[in-house]
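Engineer: Next comes the structure file run30.cif, holding mmCIF, C-alpha atoms.
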data_run
loop_
_atom_site.group_PDB
_atom_site.id
_atom_site.type_symbol
_atom_site.label_atom_id
_atom_site.label_comp_id
_atom_site.auth_asym_id
_atom_site.auth_seq_id
_atom_site.Cartn_x
_atom_site.Cartn_y
_atom_site.Cartn_z
ATOM 1 C CA MET U 1 58.286 -70.963 24.965
ATOM 2 C CA PRO U 2 61.719 -72.290 25.980
ATOM 3 C CA LYS U 3 62.453 -73.148 29.575
ATOM 4 C CA GLY U 4 64.804 -71.133 31.737
ATOM 5 C CA TYR U 5 67.681 -72.580 33.723
ATOM 6 C CA VAL U 6 69.595 -71.131 36.651
ATOM 7 C CA ILE U 7 73.089 -72.590 36.985
ATOM 8 C CA LEU U 8 75.111 -71.879 40.112
ATOM 9 C CA THR U 9 78.714 -72.899 40.703
ATOM 10 C CA GLU U 10 79.731 -72.583 44.323
ATOM 11 C CA ALA U 11 83.054 -72.637 46.149
ATOM 12 C CA VAL U 12 81.690 -73.446 49.601
ATOM 13 C CA SER U 13 83.625 -72.058 52.561
ATOM 14 C CA ASP U 14 80.969 -72.590 55.267
ATOM 15 C CA GLN U 15 78.948 -75.822 55.019
ATOM 16 C CA ALA U 16 76.672 -74.889 57.934
ATOM 17 C CA GLY U 17 75.945 -71.593 56.185
ATOM 18 C CA ILE U 18 75.093 -73.366 52.932
ATOM 19 C CA ASP U 19 72.817 -75.736 54.847
ATOM 20 C CA ALA U 20 71.027 -72.700 56.355
ATOM 21 C CA TYR U 21 70.763 -71.189 52.866
ATOM 22 C CA ALA U 22 69.246 -74.408 51.490
ATOM 23 C CA ARG U 23 66.600 -74.412 54.225
ATOM 24 C CA ALA U 24 65.810 -70.745 53.555
ATOM 25 C CA ALA U 25 65.851 -70.983 49.749
ATOM 26 C CA GLY U 26 63.859 -74.222 49.440
ATOM 27 C CA PRO U 27 60.397 -72.706 49.947
ATOM 28 C CA SER U 28 61.145 -69.961 47.402
ATOM 29 C CA MET U 29 62.117 -72.607 44.853
ATOM 30 C CA VAL U 30 58.850 -74.464 45.414
ATOM 31 C CA SER U 31 56.744 -71.305 45.170
ATOM 32 C CA GLY U 32 58.813 -70.133 42.171
ATOM 33 C CA GLY U 33 58.142 -73.359 40.269
ATOM 34 C CA ALA U 34 61.759 -74.560 40.224
ATOM 35 C CA SER U 35 62.781 -78.140 39.603
ATOM 36 C CA VAL U 36 66.227 -79.099 40.846
ATOM 37 C CA LEU U 37 67.800 -80.998 37.947
ATOM 38 C CA ALA U 38 71.258 -81.394 39.469
ATOM 39 C CA ALA U 39 73.111 -80.658 42.696
ATOM 40 C CA ASP U 40 76.579 -82.134 42.378
ATOM 41 C CA GLY U 41 79.429 -81.751 44.833
ATOM 42 C CA GLN U 42 81.924 -83.330 42.457
ATOM 43 C CA PRO U 43 81.243 -82.187 38.890
ATOM 44 C CA GLN U 44 83.394 -83.965 36.316
ATOM 45 C CA VAL U 45 85.240 -81.350 34.289
ATOM 46 C CA LEU U 46 85.706 -82.481 30.703
ATOM 47 C CA GLU U 47 87.420 -79.378 29.321
ATOM 48 C CA GLY U 48 88.769 -76.124 30.691
ATOM 49 C CA SER U 49 88.433 -75.107 34.301
ATOM 50 C CA TRP U 50 85.330 -75.047 36.460
ATOM 51 C CA HIS U 51 84.573 -72.748 39.343
ATOM 52 C CA GLY U 52 83.821 -74.180 42.755
ATOM 53 C CA ASP U 53 83.111 -77.556 44.235
ATOM 54 C CA ARG U 54 79.333 -77.657 43.838
ATOM 55 C CA THR U 55 77.136 -77.092 40.812
ATOM 56 C CA VAL U 56 73.370 -76.670 40.979
ATOM 57 C CA VAL U 57 71.002 -76.579 37.992
ATOM 58 C CA LEU U 58 67.430 -75.344 38.432
ATOM 59 C CA GLU U 59 64.755 -75.543 35.747
ATOM 60 C CA PHE U 60 61.911 -73.055 35.373
ATOM 61 C CA ALA U 61 58.991 -72.833 32.956
ATOM 62 C CA SER U 62 60.649 -69.853 31.235
ATOM 63 C CA VAL U 63 63.522 -67.383 31.509
ATOM 64 C CA GLU U 64 61.001 -64.889 32.857
ATOM 65 C CA ALA U 65 60.006 -67.332 35.621
ATOM 66 C CA ALA U 66 63.695 -67.848 36.491
ATOM 67 C CA HIS U 67 64.214 -64.082 36.769
ATOM 68 C CA ALA U 68 61.026 -63.709 38.819
ATOM 69 C CA TRP U 69 62.283 -66.330 41.307
ATOM 70 C CA TYR U 70 65.794 -64.889 41.548
ATOM 71 C CA GLU U 71 64.426 -61.395 42.145
ATOM 72 C CA SER U 72 61.543 -62.458 44.432
ATOM 73 C CA PRO U 73 61.327 -61.027 47.949
ATOM 74 C CA GLU U 74 61.341 -64.593 49.317
ATOM 75 C CA TYR U 75 64.620 -65.498 47.594
ATOM 76 C CA GLU U 76 66.140 -62.081 48.362
ATOM 77 C CA LYS U 77 65.989 -63.108 52.050
ATOM 78 C CA ALA U 78 67.894 -66.372 51.404
ATOM 79 C CA LYS U 79 70.503 -65.022 48.988
ATOM 80 C CA PRO U 80 72.734 -63.316 51.627
ATOM 81 C CA LEU U 81 73.124 -66.654 53.432
ATOM 82 C CA ARG U 82 74.592 -68.192 50.272
ATOM 83 C CA GLN U 83 76.742 -65.161 49.572
ATOM 84 C CA ALA U 84 78.234 -65.370 53.084
ATOM 85 C CA ALA U 85 78.893 -69.113 52.840
ATOM 86 C CA ALA U 86 80.212 -69.520 49.292
ATOM 87 C CA GLU U 87 81.777 -67.715 46.391
ATOM 88 C CA THR U 88 79.184 -68.217 43.681
ATOM 89 C CA ASN U 89 78.844 -67.714 39.957
ATOM 90 C CA ALA U 90 75.218 -67.679 38.803
ATOM 91 C CA VAL U 91 73.697 -67.473 35.343
ATOM 92 C CA ILE U 92 70.287 -67.767 33.729
ATOM 93 C CA VAL U 93 70.262 -69.500 30.370
ATOM 94 C CA THR U 94 67.519 -70.075 27.831
ATOM 95 C CA GLY U 95 66.620 -73.662 27.057
ATOM 96 C CA PHE U 96 67.067 -74.968 23.557
ATOM 97 C CA GLU U 97 64.113 -76.166 21.545
ATOM 98 C CA MET U 98 64.886 -78.460 18.652
ATOM 99 C CA PRO U 99 63.478 -77.160 15.378
ATOM 100 C CA PRO U 100 60.885 -79.444 13.849
ATOM 101 C CA ARG U 101 62.290 -82.077 11.544
ATOM 102 C CA PRO U 102 61.237 -81.821 7.938
ATOM 103 C CA ALA U 103 58.745 -84.465 6.903
ATOM 104 C CA ARG U 104 60.329 -87.396 5.111
ATOM 105 C CA ALA U 105 59.227 -88.160 1.619
ATOM 106 C CA PRO U 106 57.485 -91.523 1.373
ATOM 107 C CA ALA U 107 59.732 -94.342 0.136
ATOM 108 C CA SER U 108 58.993 -95.341 -3.425
#
What would you get if you wrote out this structure as C-alpha coordinates?

Structural biologist:
Amino acid sequence: MPKGYVILTEAVSDQAGIDAYARAAGPSMVSGGASVLAADGQPQVLEGSWHGDRTVVLEFASVEAAHAWYESPEYEKAKPLRQAAAETNAVIVTGFEMPPRPARAPAS
(Lines of atoms letter the chains of each structure in order from A and count residues from 1; the text may use other names and numbers.)
(Lines give C-alpha, C1' and ligand atoms only; values in the text may rest on other atoms or scores of the structure.)
Protein backbone atom coordinates (compact mmCIF):
# COMPACT_ATOMS: atom_id res chain seq x y z
CA MET A 1 0.00 0.00 0.00
CA PRO A 2 1.51 3.37 -0.97
CA LYS A 3 2.15 6.00 1.65
CA GLY A 4 0.16 9.21 1.88
CA TYR A 5 1.68 12.67 2.04
CA VAL A 6 0.16 15.94 3.20
CA ILE A 7 1.86 18.98 1.66
CA LEU A 8 1.08 22.43 3.00
CA THR A 9 2.33 25.71 1.56
CA GLU A 10 1.82 28.61 3.91
CA ALA A 11 1.99 32.38 3.54
CA VAL A 12 2.43 33.21 7.22
CA SER A 13 0.97 36.51 8.40
CA ASP A 14 1.09 35.86 12.17
CA GLN A 15 4.16 33.99 13.45
CA ALA A 16 2.84 33.80 17.03
CA GLY A 17 -0.36 32.28 15.65
CA ILE A 18 1.58 29.69 13.66
CA ASP A 19 3.61 28.86 16.76
CA ALA A 20 0.34 28.31 18.69
CA TYR A 21 -0.92 26.14 15.82
CA ALA A 22 2.27 24.04 15.89
CA ARG A 23 1.86 23.42 19.62
CA ALA A 24 -1.80 22.47 19.13
CA ALA A 25 -1.27 20.33 16.02
CA GLY A 26 1.82 18.45 17.23
CA PRO A 27 0.00 15.93 19.44
CA SER A 28 -2.47 15.15 16.64
CA MET A 29 0.43 14.44 14.29
CA VAL A 30 1.97 12.04 16.79
CA SER A 31 -1.31 10.23 17.44
CA GLY A 32 -2.09 10.25 13.70
CA GLY A 33 1.21 8.55 12.86
CA ALA A 34 2.69 11.47 10.91
CA SER A 35 6.38 11.88 10.21
CA VAL A 36 7.50 15.40 9.38
CA LEU A 37 9.73 15.00 6.33
CA ALA A 38 10.28 18.70 5.66
CA ALA A 39 9.45 22.07 7.18
CA ASP A 40 11.21 24.71 5.12
CA GLY A 41 10.87 28.46 5.48
CA GLN A 42 12.81 29.12 2.29
CA PRO A 43 11.89 26.56 -0.36
CA GLN A 44 14.02 26.82 -3.49
CA VAL A 45 11.72 27.24 -6.47
CA LEU A 46 13.16 25.56 -9.55
CA GLU A 47 10.31 26.24 -11.98
CA GLY A 48 7.08 28.20 -11.97
CA SER A 49 5.77 30.00 -8.93
CA TRP A 50 5.30 28.68 -5.42
CA HIS A 51 2.74 29.75 -2.88
CA GLY A 52 3.84 31.05 0.49
CA ASP A 53 7.03 31.23 2.46
CA ARG A 54 6.87 27.90 4.28
CA THR A 55 6.36 24.38 2.98
CA VAL A 56 5.64 21.39 5.20
CA VAL A 57 5.59 17.75 4.08
CA LEU A 58 4.05 15.09 6.33
CA GLU A 59 4.24 11.36 5.66
CA PHE A 60 1.57 8.86 6.70
CA ALA A 61 1.31 5.09 6.34
CA SER A 62 -1.39 5.54 3.68
CA VAL A 63 -3.65 8.11 2.02
CA GLU A 64 -6.42 6.85 4.28
CA ALA A 65 -4.28 7.56 7.36
CA ALA A 66 -3.55 11.07 6.05
CA HIS A 67 -7.27 11.74 5.58
CA ALA A 68 -8.05 10.29 9.02
CA TRP A 69 -5.53 12.69 10.63
CA TYR A 70 -6.71 15.74 8.69
CA GLU A 71 -10.33 15.03 9.57
CA SER A 72 -9.68 13.94 13.19
CA PRO A 73 -11.38 15.80 16.03
CA GLU A 74 -7.94 16.51 17.53
CA TYR A 75 -6.65 18.21 14.36
CA GLU A 76 -9.99 19.97 13.77
CA LYS A 77 -9.26 21.92 16.98
CA ALA A 78 -5.82 23.05 15.73
CA LYS A 79 -6.77 23.85 12.13
CA PRO A 80 -8.50 27.22 12.85
CA LEU A 81 -5.28 28.50 14.46
CA ARG A 82 -3.40 27.87 11.21
CA GLN A 83 -6.19 29.30 9.10
CA ALA A 84 -6.13 32.52 11.16
CA ALA A 85 -2.34 32.85 10.98
CA ALA A 86 -1.57 31.90 7.38
CA GLU A 87 -3.02 31.57 3.93
CA THR A 88 -2.52 27.89 3.23
CA ASN A 89 -2.76 25.50 0.32
CA ALA A 90 -2.99 21.86 1.42
CA VAL A 91 -3.05 18.65 -0.58
CA ILE A 92 -2.90 14.92 0.06
CA VAL A 93 -0.93 12.95 -2.49
CA THR A 94 -0.38 9.24 -2.96
CA GLY A 95 3.18 7.98 -2.70
CA PHE A 96 4.77 6.33 -5.68
CA GLU A 97 5.89 2.73 -5.53
CA MET A 98 8.45 1.67 -8.09
CA PRO A 99 7.29 -1.32 -10.12
CA PRO A 100 9.48 -4.37 -9.66
CA ARG A 101 12.38 -4.59 -12.06
CA PRO A 102 12.31 -7.50 -14.44
CA ALA A 103 14.83 -10.19 -13.60
CA ARG A 104 18.00 -9.97 -15.65
CA ALA A 105 18.94 -12.89 -17.80
CA PRO A 106 22.16 -14.53 -16.66
CA ALA A 107 25.24 -13.44 -18.64
CA SER A 108 26.44 -16.10 -21.03

Engineer: Considering only C-alpha atoms, return as an mmCIF file with C-alpha atoms, in the coordinates of the input whatever protein or nucleic-acid residues lie within 12 Å of region 91-105 of chain U, sequence-local ones (same chain, fewer than 3 positions apart) excluded.

Structural biologist:
data_model
loop_
_atom_site.group_PDB
_atom_site.id
_atom_site.type_symbol
_atom_site.label_atom_id
_atom_site.label_comp_id
_atom_site.auth_asym_id
_atom_site.auth_seq_id
_atom_site.Cartn_x
_atom_site.Cartn_y
_atom_site.Cartn_z
ATOM 1 C CA MET U 1 58.286 -70.963 24.965
ATOM 2 C CA PRO U 2 61.719 -72.290 25.980
ATOM 3 C CA LYS U 3 62.453 -73.148 29.575
ATOM 4 C CA GLY U 4 64.804 -71.133 31.737
ATOM 5 C CA TYR U 5 67.681 -72.580 33.723
ATOM 6 C CA VAL U 6 69.595 -71.131 36.651
ATOM 7 C CA ILE U 7 73.089 -72.590 36.985
ATOM 8 C CA LEU U 8 75.111 -71.879 40.112
ATOM 9 C CA THR U 9 78.714 -72.899 40.703
ATOM 10 C CA GLU U 10 79.731 -72.583 44.323
ATOM 11 C CA THR U 55 77.136 -77.092 40.812
ATOM 12 C CA VAL U 56 73.370 -76.670 40.979
ATOM 13 C CA VAL U 57 71.002 -76.579 37.992
ATOM 14 C CA LEU U 58 67.430 -75.344 38.432
ATOM 15 C CA GLU U 59 64.755 -75.543 35.747
ATOM 16 C CA PHE U 60 61.911 -73.055 35.373
ATOM 17 C CA ALA U 61 58.991 -72.833 32.956
ATOM 18 C CA SER U 62 60.649 -69.853 31.235
ATOM 19 C CA VAL U 63 63.522 -67.383 31.509
ATOM 20 C CA GLU U 64 61.001 -64.889 32.857
ATOM 21 C CA ALA U 65 60.006 -67.332 35.621
ATOM 22 C CA ALA U 66 63.695 -67.848 36.491
ATOM 23 C CA HIS U 67 64.214 -64.082 36.769
ATOM 24 C CA ALA U 68 61.026 -63.709 38.819
ATOM 25 C CA TRP U 69 62.283 -66.330 41.307
ATOM 26 C CA TYR U 70 65.794 -64.889 41.548
ATOM 27 C CA THR U 88 79.184 -68.217 43.681
ATOM 28 C CA SER U 108 58.993 -95.341 -3.425
#

Engineer: Can you tell me which residues surround Ala16 (chain U) at a distance of at most 12 Å, considering all atoms listed in the file, apart from same-chain residues fewer than 3 positions away, and format the answer as a VMD selection string?

Structural biologist: chain U and resid 12 to 13 19 to 23 81 to 82 84 to 86

Engineer: Residues near Glu74 (chain U), anyone? I mean within 10 Å using only C-alpha atoms, not counting same-chain ones fewer than 6 positions away, as a list in words.

Structural biologist: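 The contact residues come out as Ala24, Ala25, Gly26, Pro27, Ser28, Met29, Ser31 and Gly32 of chain U.
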
Engineer: Can you measure CA of Ala38 (chain U) to CA of Gln83 (chain U) for me? One decimal in Å is fine.

Structural biologist: 19.9 Å

Engineer: Quick check, in Å to one decimal: how far apart do CA of Asp14 (chain U) and CA of Ala39 (chain U) lie?

Structural biologist: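 Answer for the CA of Asp14 (chain U) to CA of Ala39 (chain U) separation: 16.9 Å.
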
Engineer: Take CA of Pro80 (chain U) and CA of Gly17 (chain U) and report the distance between them in Å, one decimal.

Structural biologist: 10.0 Å

Engineer: If I wrap all listed atoms of region 21-40 of chain U in a box with edges along x, y and z and add 8 Å on each side, what are its centre and edge lengths in Å to one decimal, as JSON?

Structural biologist:
{"center_x": 66.7, "center_y": -76.0, "center_z": 46.1, "size_x": 35.8, "size_y": 28.2, "size_z": 32.3}

Engineer: With the file shown as input, list the residues that the PyMOL selection byres ((chain U and resi 42) around 10) selects, as a list in words.

Structural biologist: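 Given this file, the PyMOL selection byres ((chain U and resi 42) around 10) evaluates to Ala39, Asp40, Gly41, Pro43, Gln44, Val45, Gly52, Asp53, Arg54 and Thr55 of chain U.
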